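Next comes structure_37.csv, with CSV, C-alpha atoms.
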```
chain,number,residue,atom,x,y,z
M,1,MET,CA,-10.7,15.8,21.5
M,2,ASP,CA,-12.4,17.1,18.5
M,3,ASP,CA,-11.9,14.7,15.5
M,4,LYS,CA,-12.6,17.4,13.0
M,5,LEU,CA,-9.5,19.4,14.0
M,6,ILE,CA,-7.0,16.6,13.3
M,7,PRO,CA,-5.5,16.6,9.8
M,8,ASN,CA,-5.9,13.4,7.9
M,9,ILE,CA,-2.1,13.2,7.4
M,10,VAL,CA,-1.7,13.1,11.2
M,11,VAL,CA,-4.3,10.4,11.5
M,12,GLY,CA,-2.4,8.5,8.8
M,13,ARG,CA,0.7,8.3,11.0
M,14,LEU,CA,-1.0,7.0,14.1
M,15,PRO,CA,-1.3,3.4,12.8
M,16,LEU,CA,2.5,3.5,12.2
M,17,TYR,CA,3.1,4.6,15.8
M,18,LEU,CA,0.7,1.9,17.1
M,19,ARG,CA,2.4,-0.8,15.0
M,20,THR,CA,5.8,0.1,16.3
M,21,LEU,CA,4.6,0.3,19.9
M,22,GLN,CA,3.1,-3.2,19.6
M,23,LEU,CA,6.3,-4.5,18.2
M,24,MET,CA,8.2,-3.0,21.1
M,25,SER,CA,5.8,-4.5,23.6
M,26,GLN,CA,6.3,-7.9,22.0
M,27,GLU,CA,10.1,-7.4,22.4
M,28,GLY,CA,9.4,-7.0,26.2
M,29,ARG,CA,9.9,-3.3,26.3
M,30,ARG,CA,8.0,-1.1,28.7
M,31,VAL,CA,9.0,2.5,28.0
M,32,THR,CA,10.0,4.4,24.9
M,33,SER,CA,10.7,7.9,23.7
M,34,SER,CA,9.7,10.1,20.7
M,35,GLN,CA,13.4,9.9,19.8
M,36,GLU,CA,13.4,6.1,19.6
M,37,LEU,CA,10.1,5.9,17.8
M,38,GLY,CA,11.4,8.5,15.4
M,39,GLU,CA,14.5,6.5,14.7
M,40,ARG,CA,12.6,3.4,14.0
M,41,LEU,CA,10.2,5.1,11.7
M,42,GLY,CA,12.3,7.8,10.0
M,43,ILE,CA,10.1,10.5,11.4
M,44,SER,CA,11.4,13.4,13.5
M,45,ALA,CA,10.9,13.1,17.3
M,46,ALA,CA,9.3,16.6,17.2
M,47,GLN,CA,6.8,15.5,14.7
M,48,ILE,CA,5.8,12.5,16.8
M,49,ARG,CA,5.4,14.6,19.9
M,50,LYS,CA,3.3,17.1,18.0
M,51,ASP,CA,1.1,14.5,16.5
M,52,LEU,CA,0.5,12.7,19.8
M,53,SER,CA,-0.1,16.0,21.7
M,54,GLN,CA,-3.1,16.6,19.5
M,55,PHE,CA,-4.8,13.7,21.3
M,56,GLY,CA,-3.7,14.3,24.9
M,57,GLU,CA,-0.8,14.1,27.3
M,58,PHE,CA,0.7,10.6,26.9
M,59,GLY,CA,4.2,11.0,28.1
M,60,LYS,CA,6.1,12.9,30.9
M,61,GLN,CA,9.1,15.1,30.1
M,62,GLY,CA,12.2,13.0,30.9
M,63,THR,CA,10.4,9.7,31.5
M,64,GLY,CA,9.1,9.0,28.0
M,65,TYR,CA,6.0,7.1,27.0
M,66,ASN,CA,4.7,4.0,28.8
M,67,ILE,CA,4.4,1.6,25.8
M,68,ASP,CA,1.3,-0.3,27.0
M,69,PHE,CA,-0.6,2.8,28.0
M,70,LEU,CA,0.1,4.6,24.8
M,71,THR,CA,-0.8,1.5,22.8
M,72,ASP,CA,-4.1,1.3,24.6
M,73,GLN,CA,-4.7,5.0,23.9
M,74,LEU,CA,-3.9,4.7,20.2
M,75,ARG,CA,-6.1,1.6,19.9
M,76,GLN,CA,-9.0,3.6,21.3
M,77,ILE,CA,-8.3,6.7,19.2
M,78,LEU,CA,-8.2,4.5,16.0
M,79,HIS,CA,-11.2,2.5,17.2
M,80,VAL,CA,-9.3,-0.8,17.0
M,81,ASN,CA,-9.8,-1.6,20.7
M,82,LYS,CA,-12.6,-3.7,19.1
M,83,VAL,CA,-12.4,-6.1,16.2
M,84,TRP,CA,-14.0,-5.1,12.9
M,85,ASP,CA,-15.7,-7.6,10.7
M,86,VAL,CA,-14.4,-7.4,7.2
M,87,ALA,CA,-15.7,-8.6,3.8
M,88,VAL,CA,-13.3,-9.5,1.0
M,89,ILE,CA,-14.7,-9.3,-2.6
M,90,GLY,CA,-12.8,-11.0,-5.4
M,91,ILE,CA,-11.0,-14.1,-4.3
M,92,GLY,CA,-8.2,-14.3,-6.9
M,93,GLY,CA,-4.6,-14.4,-5.9
M,94,VAL,CA,-4.7,-11.3,-3.7
M,95,GLY,CA,-8.1,-12.0,-2.2
M,96,HIS,CA,-7.0,-15.5,-1.4
M,97,ALA,CA,-3.8,-14.3,0.4
M,98,LEU,CA,-5.9,-11.8,2.4
M,99,ALA,CA,-8.4,-14.4,3.4
M,100,ARG,CA,-5.7,-16.7,4.6
M,101,TYR,CA,-3.5,-14.1,6.4
M,102,GLN,CA,-3.4,-14.6,10.1
M,103,GLY,CA,-2.1,-11.2,11.2
M,104,PHE,CA,-5.3,-9.1,10.9
M,105,SER,CA,-7.1,-10.1,14.1
M,106,GLU,CA,-4.5,-8.9,16.6
M,107,ARG,CA,-4.6,-5.5,14.9
M,108,GLY,CA,-8.4,-5.0,14.9
M,109,PHE,CA,-9.8,-6.8,11.9
M,110,ARG,CA,-11.3,-10.2,11.2
M,111,ILE,CA,-12.3,-11.4,7.7
M,112,VAL,CA,-15.7,-13.0,8.0
M,113,LEU,CA,-17.3,-12.7,4.5
M,114,LEU,CA,-15.8,-13.8,1.1
M,115,PHE,CA,-17.5,-13.1,-2.2
M,116,ASP,CA,-16.7,-13.9,-5.8
M,117,ASN,CA,-18.7,-14.1,-9.0
M,118,ASP,CA,-16.9,-17.2,-10.4
M,119,PRO,CA,-19.1,-20.3,-10.0
M,120,LYS,CA,-16.0,-22.4,-9.8
M,121,LYS,CA,-14.9,-20.5,-6.6
M,122,VAL,CA,-18.3,-20.2,-4.9
M,123,GLY,CA,-18.6,-22.9,-2.2
M,124,ILE,CA,-14.9,-23.3,-1.6
M,125,SER,CA,-13.6,-22.6,1.9
M,126,VAL,CA,-10.6,-20.2,2.4
M,127,GLY,CA,-9.2,-19.4,5.8
M,128,GLY,CA,-12.3,-20.9,7.5
M,129,PHE,CA,-15.0,-19.1,5.5
M,130,VAL,CA,-16.9,-20.2,2.4
M,131,ILE,CA,-16.7,-18.1,-0.8
M,132,GLN,CA,-20.3,-16.9,-1.5
M,133,ASP,CA,-21.8,-15.7,-4.8
M,134,LEU,CA,-21.6,-11.9,-5.4
M,135,SER,CA,-25.4,-11.9,-6.0
M,136,GLY,CA,-26.0,-12.2,-2.3
M,137,MET,CA,-23.4,-9.7,-1.3
M,138,VAL,CA,-25.5,-6.6,-0.6
M,139,THR,CA,-28.0,-8.5,1.5
M,140,GLN,CA,-25.4,-10.4,3.5
M,141,ILE,CA,-23.1,-7.4,4.2
M,142,SER,CA,-26.1,-5.3,5.1
M,143,SER,CA,-27.7,-7.7,7.5
M,144,ALA,CA,-24.3,-8.5,9.1
M,145,GLY,CA,-23.7,-4.8,9.5
M,146,VAL,CA,-20.2,-5.0,8.0
M,147,GLN,CA,-18.7,-1.6,7.5
M,148,VAL,CA,-15.2,-2.5,6.2
M,149,ALA,CA,-14.4,-4.2,2.9
M,150,MET,CA,-11.4,-5.2,0.9
M,151,LEU,CA,-11.9,-5.0,-2.8
M,152,SER,CA,-9.7,-7.2,-4.9
M,153,VAL,CA,-11.7,-7.6,-8.1
M,154,PRO,CA,-10.4,-6.8,-11.7
M,155,LYS,CA,-10.2,-3.1,-12.3
M,156,ASP,CA,-13.1,-3.0,-14.8
M,157,GLN,CA,-15.4,-4.3,-12.1
M,158,ALA,CA,-14.1,-2.2,-9.2
M,159,GLN,CA,-16.4,0.8,-9.5
M,160,LEU,CA,-19.5,-1.4,-10.0
M,161,VAL,CA,-18.7,-3.5,-6.9
M,162,ALA,CA,-17.8,-0.4,-4.9
M,163,ASN,CA,-21.3,1.0,-5.7
M,164,LEU,CA,-22.8,-2.2,-4.3
M,165,LEU,CA,-20.7,-2.0,-1.2
M,166,VAL,CA,-21.8,1.5,-0.5
M,167,GLN,CA,-25.4,0.4,-1.0
M,168,ALA,CA,-24.8,-2.4,1.5
M,169,GLY,CA,-23.6,0.2,4.1
M,170,VAL,CA,-19.9,-0.2,3.9
M,171,LYS,CA,-18.0,2.9,5.0
M,172,SER,CA,-14.4,1.9,4.5
M,173,ILE,CA,-13.1,0.3,1.3
M,174,LEU,CA,-9.5,-0.9,0.9
M,175,ASN,CA,-9.2,-1.1,-2.9
M,176,TYR,CA,-6.6,-3.4,-4.4
M,177,ALA,CA,-7.8,-2.8,-8.0
M,178,PRO,CA,-5.4,-0.5,-9.8
M,179,ILE,CA,-8.0,2.2,-10.5
M,180,ASN,CA,-9.5,5.1,-8.6
M,181,ILE,CA,-13.1,4.7,-7.5
M,182,ALA,CA,-15.7,7.3,-6.7
M,183,VAL,CA,-17.7,7.1,-3.5
M,184,PRO,CA,-20.2,9.4,-1.8
M,185,ASN,CA,-19.3,11.6,1.2
M,186,GLY,CA,-19.1,9.6,4.4
M,187,VAL,CA,-17.4,6.6,2.7
M,188,ARG,CA,-13.6,6.4,2.6
M,189,VAL,CA,-11.3,4.6,0.2
M,190,GLN,CA,-7.7,3.7,0.6
M,191,TYR,CA,-5.6,2.2,-2.2
M,192,ILE,CA,-3.0,-0.5,-2.4
M,193,ASP,CA,-1.2,-0.7,-5.7
M,194,PRO,CA,2.3,-2.1,-5.5
M,195,VAL,CA,3.3,-0.6,-8.9
M,196,LEU,CA,2.8,2.9,-7.6
M,197,HIS,CA,5.4,2.2,-5.0
M,198,LEU,CA,7.8,0.5,-7.4
M,199,GLN,CA,7.6,3.3,-9.9
M,200,ARG,CA,8.2,5.8,-7.1
M,201,MET,CA,11.5,4.0,-6.5
M,202,THR,CA,12.6,3.4,-10.1
M,203,TYR,CA,12.5,7.2,-10.6
M,204,TYR,CA,15.7,7.3,-8.5
M,205,LEU,CA,17.4,4.4,-10.4
M,206,GLU,CA,19.3,4.7,-13.6
S,1,MET,CA,15.7,18.6,-15.4
S,2,ASP,CA,17.5,18.3,-12.1
S,3,ASP,CA,16.2,15.3,-10.1
S,4,LYS,CA,17.4,16.7,-6.9
S,5,LEU,CA,15.1,19.6,-7.0
S,6,ILE,CA,11.9,17.5,-7.2
S,7,PRO,CA,10.3,16.8,-3.8
S,8,ASN,CA,9.7,13.2,-3.1
S,9,ILE,CA,6.0,13.8,-2.6
S,10,VAL,CA,5.7,15.1,-6.1
S,11,VAL,CA,7.6,12.1,-7.5
S,12,GLY,CA,5.0,10.0,-5.5
S,13,ARG,CA,2.1,11.5,-7.4
S,14,LEU,CA,3.6,10.8,-10.9
S,15,PRO,CA,2.8,7.1,-10.9
S,16,LEU,CA,-0.9,8.0,-10.2
S,17,TYR,CA,-0.9,10.3,-13.1
S,18,LEU,CA,0.7,7.7,-15.3
S,19,ARG,CA,-1.8,5.0,-14.2
S,20,THR,CA,-4.8,7.3,-15.0
S,21,LEU,CA,-3.4,8.3,-18.4
S,22,GLN,CA,-2.9,4.7,-19.3
S,23,LEU,CA,-6.5,3.9,-18.4
S,24,MET,CA,-7.7,6.8,-20.4
S,25,SER,CA,-5.7,5.6,-23.4
S,26,GLN,CA,-7.2,2.1,-23.0
S,27,GLU,CA,-10.6,3.8,-23.1
S,28,GLY,CA,-9.7,5.2,-26.5
S,29,ARG,CA,-9.2,8.7,-25.3
S,30,ARG,CA,-6.6,11.0,-26.9
S,31,VAL,CA,-6.7,14.3,-25.0
S,32,THR,CA,-7.2,15.2,-21.3
S,33,SER,CA,-7.0,18.2,-19.0
S,34,SER,CA,-5.6,18.8,-15.5
S,35,GLN,CA,-9.2,19.3,-14.5
S,36,GLU,CA,-10.3,15.9,-15.6
S,37,LEU,CA,-7.2,14.2,-14.2
S,38,GLY,CA,-7.9,16.0,-10.9
S,39,GLU,CA,-11.5,14.8,-10.8
S,40,ARG,CA,-10.5,11.2,-11.3
S,41,LEU,CA,-7.8,11.4,-8.7
S,42,GLY,CA,-9.2,13.7,-6.1
S,43,ILE,CA,-6.2,16.1,-6.6
S,44,SER,CA,-6.6,19.7,-7.5
S,45,ALA,CA,-6.0,20.7,-11.2
S,46,ALA,CA,-3.6,23.4,-10.0
S,47,GLN,CA,-1.6,20.8,-8.1
S,48,ILE,CA,-1.4,18.6,-11.2
S,49,ARG,CA,-0.3,21.4,-13.4
S,50,LYS,CA,2.3,22.5,-10.9
S,51,ASP,CA,3.7,18.9,-10.5
S,52,LEU,CA,4.0,18.4,-14.2
S,53,SER,CA,5.5,21.8,-14.9
S,54,GLN,CA,8.5,20.7,-12.8
S,55,PHE,CA,9.4,18.3,-15.5
S,56,GLY,CA,8.6,20.3,-18.6
S,57,GLU,CA,5.9,21.8,-20.8
S,58,PHE,CA,3.5,18.9,-21.6
S,59,GLY,CA,0.3,20.7,-22.4
S,60,LYS,CA,-0.9,23.7,-24.3
S,61,GLN,CA,-3.2,26.3,-22.7
S,62,GLY,CA,-6.7,25.6,-23.9
S,63,THR,CA,-5.9,22.3,-25.7
S,64,GLY,CA,-5.0,20.2,-22.7
S,65,TYR,CA,-2.6,17.2,-22.6
S,66,ASN,CA,-2.0,14.7,-25.4
S,67,ILE,CA,-2.5,11.4,-23.5
S,68,ASP,CA,-0.1,9.3,-25.4
S,69,PHE,CA,2.6,11.9,-25.4
S,70,LEU,CA,2.3,12.6,-21.6
S,71,THR,CA,2.2,8.9,-20.9
S,72,ASP,CA,5.5,8.5,-22.8
S,73,GLN,CA,7.1,11.4,-21.0
S,74,LEU,CA,6.0,10.1,-17.6
S,75,ARG,CA,7.3,6.6,-18.4
S,76,GLN,CA,10.7,8.1,-19.3
S,77,ILE,CA,10.7,10.3,-16.1
S,78,LEU,CA,9.9,7.3,-13.9
S,79,HIS,CA,12.3,5.0,-15.8
S,80,VAL,CA,9.5,2.5,-16.7
S,81,ASN,CA,10.0,2.9,-20.4
S,82,LYS,CA,12.0,-0.2,-19.8
S,83,VAL,CA,11.0,-3.4,-17.9
S,84,TRP,CA,12.7,-4.0,-14.6
S,85,ASP,CA,13.5,-7.5,-13.4
S,86,VAL,CA,12.2,-8.1,-9.9
S,87,ALA,CA,12.9,-10.7,-7.3
S,88,VAL,CA,10.3,-11.9,-4.8
S,89,ILE,CA,11.5,-13.2,-1.5
S,90,GLY,CA,9.1,-15.2,0.7
S,91,ILE,CA,6.5,-17.2,-1.4
S,92,GLY,CA,3.7,-17.4,1.2
S,93,GLY,CA,0.2,-16.2,0.4
S,94,VAL,CA,1.3,-12.7,-0.7
S,95,GLY,CA,4.4,-13.7,-2.5
S,96,HIS,CA,2.4,-16.3,-4.4
S,97,ALA,CA,-0.2,-13.7,-5.4
S,98,LEU,CA,2.6,-11.4,-6.6
S,99,ALA,CA,4.4,-14.1,-8.6
S,100,ARG,CA,1.2,-15.0,-10.4
S,101,TYR,CA,-0.1,-11.5,-11.0
S,102,GLN,CA,-0.2,-10.6,-14.7
S,103,GLY,CA,-0.5,-6.8,-14.4
S,104,PHE,CA,3.1,-5.9,-13.6
S,105,SER,CA,4.8,-6.2,-17.1
S,106,GLU,CA,2.7,-3.6,-18.9
S,107,ARG,CA,3.6,-1.1,-16.1
S,108,GLY,CA,7.4,-1.7,-16.2
S,109,PHE,CA,8.1,-4.7,-14.0
S,110,ARG,CA,8.7,-8.4,-14.6
S,111,ILE,CA,9.1,-10.9,-11.7
S,112,VAL,CA,12.0,-13.3,-12.7
S,113,LEU,CA,13.4,-14.7,-9.5
S,114,LEU,CA,11.5,-16.3,-6.6
S,115,PHE,CA,13.1,-17.3,-3.3
S,116,ASP,CA,12.0,-19.1,-0.1
S,117,ASN,CA,13.7,-20.9,2.7
S,118,ASP,CA,11.1,-23.6,3.0
S,119,PRO,CA,12.4,-26.9,1.5
S,120,LYS,CA,8.8,-27.9,0.7
S,121,LYS,CA,8.4,-24.8,-1.6
S,122,VAL,CA,11.8,-24.9,-3.3
S,123,GLY,CA,11.6,-26.4,-6.7
S,124,ILE,CA,7.9,-25.6,-7.2
S,125,SER,CA,7.0,-23.4,-10.2
S,126,VAL,CA,4.8,-20.3,-9.7
S,127,GLY,CA,3.9,-18.0,-12.5
S,128,GLY,CA,6.4,-19.6,-14.8
S,129,PHE,CA,9.4,-19.4,-12.4
S,130,VAL,CA,10.8,-22.0,-10.0
S,131,ILE,CA,11.1,-21.1,-6.3
S,132,GLN,CA,14.8,-21.3,-5.3
S,133,ASP,CA,16.4,-21.7,-2.0
S,134,LEU,CA,17.3,-18.5,-0.1
S,135,SER,CA,20.9,-19.7,0.3
S,136,GLY,CA,21.6,-18.9,-3.3
S,137,MET,CA,19.8,-15.5,-3.3
S,138,VAL,CA,22.7,-13.1,-3.0
S,139,THR,CA,24.7,-14.8,-5.8
S,140,GLN,CA,21.7,-15.1,-8.1
S,141,ILE,CA,20.4,-11.6,-7.7
S,142,SER,CA,23.9,-10.1,-7.9
S,143,SER,CA,24.8,-12.0,-11.0
S,144,ALA,CA,21.5,-11.2,-12.7
S,145,GLY,CA,21.9,-7.5,-11.8
S,146,VAL,CA,18.4,-7.3,-10.3
S,147,GLN,CA,17.9,-4.0,-8.5
S,148,VAL,CA,14.2,-4.3,-7.4
S,149,ALA,CA,12.8,-6.8,-4.9
S,150,MET,CA,9.6,-7.5,-3.2
S,151,LEU,CA,9.9,-8.7,0.4
S,152,SER,CA,7.1,-10.9,1.7
S,153,VAL,CA,8.8,-12.8,4.4
S,154,PRO,CA,7.6,-13.0,8.1
S,155,LYS,CA,8.4,-9.8,10.0
S,156,ASP,CA,11.0,-11.3,12.2
S,157,GLN,CA,13.1,-12.2,9.1
S,158,ALA,CA,12.5,-9.0,7.2
S,159,GLN,CA,15.6,-7.1,8.4
S,160,LEU,CA,17.9,-10.0,7.9
S,161,VAL,CA,16.7,-10.7,4.3
S,162,ALA,CA,16.8,-6.9,3.6
S,163,ASN,CA,20.4,-6.9,4.6
S,164,LEU,CA,21.2,-9.7,2.1
S,165,LEU,CA,19.3,-7.9,-0.6
S,166,VAL,CA,21.4,-4.8,-0.1
S,167,GLN,CA,24.5,-7.0,-0.2
S,168,ALA,CA,23.3,-8.4,-3.5
S,169,GLY,CA,23.0,-4.9,-5.0
S,170,VAL,CA,19.2,-4.3,-4.7
S,171,LYS,CA,18.4,-0.6,-4.6
S,172,SER,CA,14.6,-0.7,-4.3
S,173,ILE,CA,12.7,-2.9,-1.8
S,174,LEU,CA,8.9,-3.1,-1.6
S,175,ASN,CA,8.4,-4.5,1.9
S,176,TYR,CA,5.2,-6.4,2.7
S,177,ALA,CA,6.3,-7.4,6.1
S,178,PRO,CA,4.6,-5.2,8.7
S,179,ILE,CA,7.8,-3.8,10.2
S,180,ASN,CA,10.1,-0.9,9.4
S,181,ILE,CA,13.5,-1.9,8.1
S,182,ALA,CA,16.7,0.0,8.0
S,183,VAL,CA,18.8,0.3,4.8
S,184,PRO,CA,21.9,2.3,3.9
S,185,ASN,CA,21.8,5.5,1.9
S,186,GLY,CA,21.2,4.9,-1.8
S,187,VAL,CA,18.7,2.1,-1.1
S,188,ARG,CA,14.9,2.9,-1.0
S,189,VAL,CA,12.2,1.1,0.8
S,190,GLN,CA,8.4,1.4,0.3
S,191,TYR,CA,5.9,-0.3,2.5
S,192,ILE,CA,2.6,-2.1,1.9
S,193,ASP,CA,0.7,-3.0,5.1
S,194,PRO,CA,-3.1,-3.2,4.6
S,195,VAL,CA,-3.8,-2.7,8.3
S,196,LEU,CA,-2.2,0.8,8.3
S,197,HIS,CA,-4.8,1.7,5.7
S,198,LEU,CA,-7.7,0.0,7.5
S,199,GLN,CA,-6.9,1.7,10.8
S,200,ARG,CA,-6.6,5.0,9.1
S,201,MET,CA,-10.3,4.6,8.0
S,202,THR,CA,-11.7,3.1,11.3
S,203,TYR,CA,-10.6,6.3,13.0
S,204,TYR,CA,-13.5,7.9,11.3
S,205,LEU,CA,-16.0,5.1,12.1
S,206,GLU,CA,-18.0,4.8,15.3
```
Since I need it in another form, could you write the structure as structure tokens?
Amino acid sequence: MDDKLIPNIVVGRLPLYLRTLQLMSQEGRRVTSSQELGERLGISAAQIRKDLSQFGEFGKQGTGYNIDFLTDQLRQILHVNKVWDVAVIGIGGVGHALARYQGFSERGFRIVLLFDNDPKKVGISVGGFVIQDLSGMVTQISSAGVQVAMLSVPKDQAQLVANLLVQAGVKSILNYAPINIAVPNGVRVQYIDPVLHLQRMTYYLE
Amino acid sequence: MDDKLIPNIVVGRLPLYLRTLQLMSQEGRRVTSSQELGERLGISAAQIRKDLSQFGEFGKQGTGYNIDFLTDQLRQILHVNKVWDVAVIGIGGVGHALARYQGFSERGFRIVLLFDNDPKKVGISVGGFVIQDLSGMVTQISSAGVQVAMLSVPKDQAQLVANLLVQAGVKSILNYAPINIAVPNGVRVQYIDPVLHLQRMTYYLE
């Protein structure tokens, strides 16, 4: 498979397929179909078959997909058949919730480094890890080889901290600050801003 | 303007434009262009012009967009020229962070109702509002006329609580539980699951 040929929008749907398959597996299910996946996700069965066919032959006509096999394949494709160490920067309300959340590890991520620039927070333990001062962040992330970070600092600090993360070798930033940040080629940013989702829905309300 | 003609994907970009314009306004800026908006957002200038042109004539060739005027127009289009009351259900880590977050009101939302089914949480005040028992949720949301809810309950309770929200008259659900939920026509759901974003980035990592 040649990664370069896969559209980003297709890649973006794979985690949804994986999540749904893992839920089915937890429900004790062994086989599913593109129809059933489509109904659960609100995506057409044809789209799902087309997306998956870009990565290989995972199902047989008439017998559907083996859930555990397809789960394994998707975990390999998305590189979450390993667990990625993650740094969280900014331990306010959101950062705190992220650091304490138990659901990351079974899906490929483990928060191992916490940073904040507030002296009142530095030294406190959250979710089993101690909040460290931002001043040591670049060195620590770099020496630990951490490539994934969640950024939950105030928006006026987001670009500055993102620059430091890039300097430290981080390649994937999940940005919770409600502002777009610029990163060099080879670094990816995804955004979480609940208001964008809310406004997208109030458009349809009177 | 006829709402039905606007593709959902275009509607989804409007909140991004609005957010960026509001930041520019806070920076003391008065005029911008589709080029500048595009650079900040990683969207082509042509796409932005095309999106906005579906709603009216907001800029003049050569002089660009008046930031405050376009902001007002987008707030009207997205119906956030008013403040929507919001209920949060499930006051764990995420729900707690949402209830305490100060940034919603300037963008059109105000959290006014908090619910949980944990007797140890009921009665506690978070962000100025008291957590109430889930048993009173339908009545309270219904009588307050709240149409927007954030759902941050465990995933095995998400569908059940969503059904109650629909019964209470909620039309827009922002679901933080990592599971797809089914709702009737006329009700919209948006999803926030950080792992989907992380996996979408680790695909590109070795």
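Using only C-alpha atoms, the nearest neighbour of chain M within the list S:Val166, S:Ile91, S:Leu113, S:Leu52 is S:Ile91.
With all atoms listed in the file as the atoms that count, the residue of M:Gln199, M:Ser152, M:Thr71, M:Gln47 with the shortest distance to S:Leu174 is M:Gln199.
Using all atoms listed in the file, the contacts of S:Leu98 at a cut-off of 10 Å, with sequence neighbours closer than 4 positions omitted, comprise Gly93, Val94, Ala97 and Pro194 of chain M; Val88, Ile91, Gly92, Gly93, Val94, Gln102, Gly103, Phe104, Ile111, Val126, Gly127, Met150 and Ser152 of chain S.
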From the list M:Ile181, M:Leu74, M:Met24, M:Val31, the nearest residue to M:Lys155 using all atoms listed in the file is M:Ile181
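For chain M, the residues no farther than 6 Å from chain S when using all atoms listed in the file are Gly12, Pro15, Leu78, His79, Gly93, Val94, Ala97, Leu196, Arg200, Thr202 and Tyr203 of chain M.
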Dump of C-alpha atoms for the selected residues, as an mmCIF file, keeping the file's coordinate frame:
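The result, written out as part.cif:
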```
data_model
loop_
_atom_site.group_PDB
_atom_site.id
_atom_site.type_symbol
_atom_site.label_atom_id
_atom_site.label_comp_id
_atom_site.auth_asym_id
_atom_site.auth_seq_id
_atom_site.Cartn_x
_atom_site.Cartn_y
_atom_site.Cartn_z
ATOM 1 C CA GLY M 12 -2.400 8.500 8.800
ATOM 2 C CA PRO M 15 -1.300 3.400 12.800
ATOM 3 C CA LEU M 78 -8.200 4.500 16.000
ATOM 4 C CA HIS M 79 -11.200 2.500 17.200
ATOM 5 C CA GLY M 93 -4.600 -14.400 -5.900
ATOM 6 C CA VAL M 94 -4.700 -11.300 -3.700
ATOM 7 C CA ALA M 97 -3.800 -14.300 0.400
ATOM 8 C CA LEU M 196 2.800 2.900 -7.600
ATOM 9 C CA ARG M 200 8.200 5.800 -7.100
ATOM 10 C CA THR M 202 12.600 3.400 -10.100
ATOM 11 C CA TYR M 203 12.500 7.200 -10.600
#
```
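What separates atom CA of M:Gln167 from atom CA of M:Val112 is a distance of 18.8 Å.
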Please provide the set of residues having any atom within 10 Å of S:Pro119, restricted to only C-alpha atoms, with same-chain residues fewer than 6 positions apart removed, written as a VMD selection string.
-> chain S and resid 131 to 134
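One finds atom CA of S:Asn163 at 24.1 Å from atom CA of M:Ser25.
Atom pair atom CA of M:Arg110 / atom CA of M:Asp85 has a distance of 5.1 Å (rounded to one decimal).
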Shell of 6 Å around S:Ile89, only C-alpha atoms, local chain residues under 3 positions omitted, as a list in words = Leu114, Phe115, Leu151 and Ser152 of chain S
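Every protein or nucleic acid residue with an atom no more than 9 Å from S:Asp118, counting all atoms listed in the file and leaving out same-chain residues fewer than 2 positions away, appears here: Gly90, Asp116, Lys120, Lys121, Val122, Asp133 and Leu134 of chain S.
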Would you save the residues from that selection as a PDB file, keeping the file's coordinate frame, using C-alpha atoms?
```
ATOM      1  CA  GLY S  90       9.100 -15.200   0.700  1.00  0.00           C
ATOM      2  CA  ASP S 116      12.000 -19.100  -0.100  1.00  0.00           C
ATOM      3  CA  LYS S 120       8.800 -27.900   0.700  1.00  0.00           C
ATOM      4  CA  LYS S 121       8.400 -24.800  -1.600  1.00  0.00           C
ATOM      5  CA  VAL S 122      11.800 -24.900  -3.300  1.00  0.00           C
ATOM      6  CA  ASP S 133      16.400 -21.700  -2.000  1.00  0.00           C
ATOM      7  CA  LEU S 134      17.300 -18.500  -0.100  1.00  0.00           C
TER       8      LEU S 134
END
```
So that all listed atoms of stretch 53-62 of chain M fit with 4 Å spare on each side, what axis-aligned box centre and edge lengths in Å, to one decimal, would you give as lines of an AutoDock Vina configuration file?
```
center_x = 3.7
center_y = 13.6
center_z = 25.2
size_x = 25.0
size_y = 14.0
size_z = 19.4
```
Given the choices M:Leu70, M:Arg30, M:Val83, M:Gln54, which gets closest to M:Ile6 if the distance is worked out from only C-alpha atoms?
-> M:Gln54
